[in-house]
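K.L.:
This structure is in structure tokens; I'll ask about it shortly.
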Amino acid sequence: MADPLLQARGIFKSYGHVEALRGCDFEVYPNEIVALIGDNGAGKSTLIKILAGTEEADEGEIFLEGHPIHVGSPSEAMQLGIETVYQDLALAPDLDGSANLYLGRELMMAGLLGKLGFLDNRAMRTGARKAFGELGIDLQNAQSAVANLSGGQRQSVAVARSVAWASKVVFLDEPTAALGVIQTARVIETVKKIRDRGVAAVLISHNMRQVLEVADRIEVLRLGRRVARFDRQGATIEQLVLAMTGGLAEEGAA
Amino acid sequence: MTAVRRSRGGPVRRAVESRLAPIAELWRAFSQTRVGSVVARAFSTNGAWIFLLLIGLMLFFNFMAPGKFLTEFNVRSMATNVAVLLVIAVGETFVMATGGIDLSVGYVLLFSGVTSAQAMNWGGKDPTNSGWDIVLLGFMVAIGSGLAWGVLNGIIVAKAKVPALIATLGTLGMSWGLAEIFSNGQDLRYLPKIIADMGASRLIFDKVPLVVVVAILIAAAGGVMLSFTRFGRYTLAIGSNQEAARRAGINVDRHLIAVYALSGALAGFAGFMSLAIFTTTTISGHANDNLQAIAAVVIGGTSLMGGVATVGGTTIGICIPMVLFSGFTILGYQSFWRDVAVGAVLILAVYADQLRRRRRERR
């Protein structure tokens, strides 16, 4: 197997007396969809937050393409090519799709107007149409506030924003939790497209069937540690559930 | 889905709706066109409606009092009276666009006017014949005073995380008290003649007061800034979803401080304008400025939750109470009817905003 694209080693993180992560390892390889699963409180979201820069680890190392990196803030993660689709979407509902796509990375007008802070809305709209189109998302009214879109379309905007800027890894924290059947299928389709563009995708999901259908690999967390790794071919739902609940022998345990 | 939803309601409502269906169809077709989509979007917020309300009110009063309401004199005095308020309302629009509120503007205006007047009276000399250097000093002191209060507001809100309502209520009291202490509660009446001349001077065939032109220029600049620049985009993004803005890499704290500083600086500028117009510090004349500015911003379609705001709307929102005041006065009613009417319009404006939010939440 190739070298890991993103690797976390021995991550510790506690909130007061609660140890969320206790020496957690995690790997993402290039061009794959890896599912991160685990019971509630296993530490999935904490791990994602640390890798995405919204939280800092107490201990542990993170490597990107073999080089140790420090991810101190979301913008540092973004600069490294790591993007996250958050569970609560993190869109500005009163702004339109294109403004959301370019939020924090606005295109400015050329010359003096740009220096004065004027936005190039036309260029951003064109770019947004292209980015949404690439993922097969059709926003009939690109100038409509995101709040006026359906839940699925909103989710699409959030996914499209992360995908458009990610060059290395996209984290998706339960991206289909609030969606209907058709919209879920669309997001899953998008996740596959991400991989086909050469960006690795990390999918957090509680839906085991979906995990087995989409993921190339599966990593299982339990009580703040990685306890098992599966290839899609070798895994069954029973095995995954066993690993999540502690029925399997722990990886690395004596 | 929509057909099912639309057929809800009693037989009367259904009958009315079936009659109106062709019109709704026409409207939908119109809103698909390029011009139509702009118009439809304008009417989906308060903006276009309150503009119609303003025009309607002006025509109504002109009809009720022909030759008295829409006269050159009356329009000019109305415009002069709203000029100062418009300047602070522009700053208030930015603050409220972030989901905050600035209660302190009227008293920061007063404080800035007092410090500015005192700076020009420095050393107890009668400044009536002072030159431009003293006037410039007074101007800088006014802006600086306002800016300082604004930065303080911003730091308290953004860094100390004190809710804006309380933070600016606190600085309201502080700036008011200090203004009274500095001035011993006495209006300063000695100002350079240059300032009085500025306040009285008119441009454009000697018809439009300079202060009105200045207020309009500031409103125009504020409107462009809010709608077309990155500063405005960040302001609206923070009001729409502060956490999203933070995760997108926007320095939210710094931006909030800048927005409150802008509001303070504009209040300082308005304080200087007020000196020019009234040639005195008018200590007791600004008690309601903050509420008038906030009412104007809300009537103008800015959402109390933030994220949606236009300076154009605020400008109309400033004019409506003035037109009511002038109209009622000319018609011989007590001018307090303005306060009654403005209160009602304010509630309606917020109710319309809530309805819009609820409607889109249902999606």
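Just remember, in the structure tokens the first chain shown is A, the second B, etc., residues are 1-based per chain, and ligands are 1-based in the order shown.
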Please build the interface table for chain B against chain A with a cut-off of 9 Å, listing for each qualifying residue the nearest atom pair and the distance in Å to one decimal; count only C-alpha atoms, order rows by chain and increasing number, and write it as a tab-separated table.
P.N.:
```
residue	atom	partner	partner_atom	distance
B:Arg41	CA	A:Ser144	CA	8.8
B:Met225	CA	A:Phe118	CA	8.1
B:Phe228	CA	A:Phe118	CA	5.7
B:Thr229	CA	A:Phe118	CA	4.2
B:Arg230	CA	A:Gly117	CA	5.5
B:Phe231	CA	A:Gly117	CA	7.0
B:Arg233	CA	A:Ala99	CA	8.2
B:Tyr234	CA	A:Gly104	CA	8.1
B:Leu236	CA	A:Leu95	CA	7.8
B:Ala237	CA	A:Ala92	CA	5.8
B:Ile238	CA	A:Ala92	CA	7.9
B:Gly239	CA	A:Ala92	CA	8.4
B:Ser240	CA	A:Ala92	CA	5.1
B:Asn241	CA	A:Ala92	CA	5.0
B:Gln242	CA	A:Ala92	CA	8.1
B:Glu243	CA	A:Ala90	CA	6.8
B:Ala244	CA	A:Ala90	CA	4.4
B:Ala245	CA	A:Ala92	CA	7.4
B:Arg246	CA	A:Pro74	CA	8.5
B:Arg247	CA	A:Pro74	CA	6.0
B:Ala248	CA	A:Gly104	CA	5.2
B:Gly249	CA	A:Ser75	CA	5.1
B:Ile250	CA	A:Gly104	CA	5.7
B:Gly306	CA	A:Asp94	CA	8.9
B:Gly307	CA	A:Asp94	CA	5.7
B:Val308	CA	A:Asp94	CA	6.5
B:Arg357	CA	A:Ala147	CA	8.9
B:Arg360	CA	A:Asn148	CA	5.8
B:Glu361	CA	A:Ala147	CA	7.6
B:Arg363	CA	A:Ser150	CA	6.0
```
K.L.:
So how many Å separate atom CA of Ser116 of chain B and atom CA of Ile134 of chain B, to one decimal?
P.N.:
10.0 Å
K.L.:
Interatomic distance between atom CA of Thr235 of chain B and atom CA of Met124 of chain A?
P.N.:
18.2 Å
K.L.:
Which value, in Å to one decimal, gives the distance between atom CA of Thr314 of chain B and atom CA of Ala215 of chain B?
P.N.:
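So the answer is 12.6 Å.
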K.L.:
Could you pull out the residues in segment 16-252 of chain B that DSSP calls strand (DSSP E or B) from the backbone, as a PyMOL selection string?
P.N.:
chain B and resi 202-203+208-209+229
K.L.:
Extract the full set of helix (DSSP H, G or I) residues from segment 102-349 of chain B according to DSSP on the backbone, and format it as a ChimeraX atom specification.
P.N.:
/B:105-120,122-124,127-129,132-158,164-183,193-200,210-228,230-240,242-247,252-278,283-286,289-299,311-330,337-349
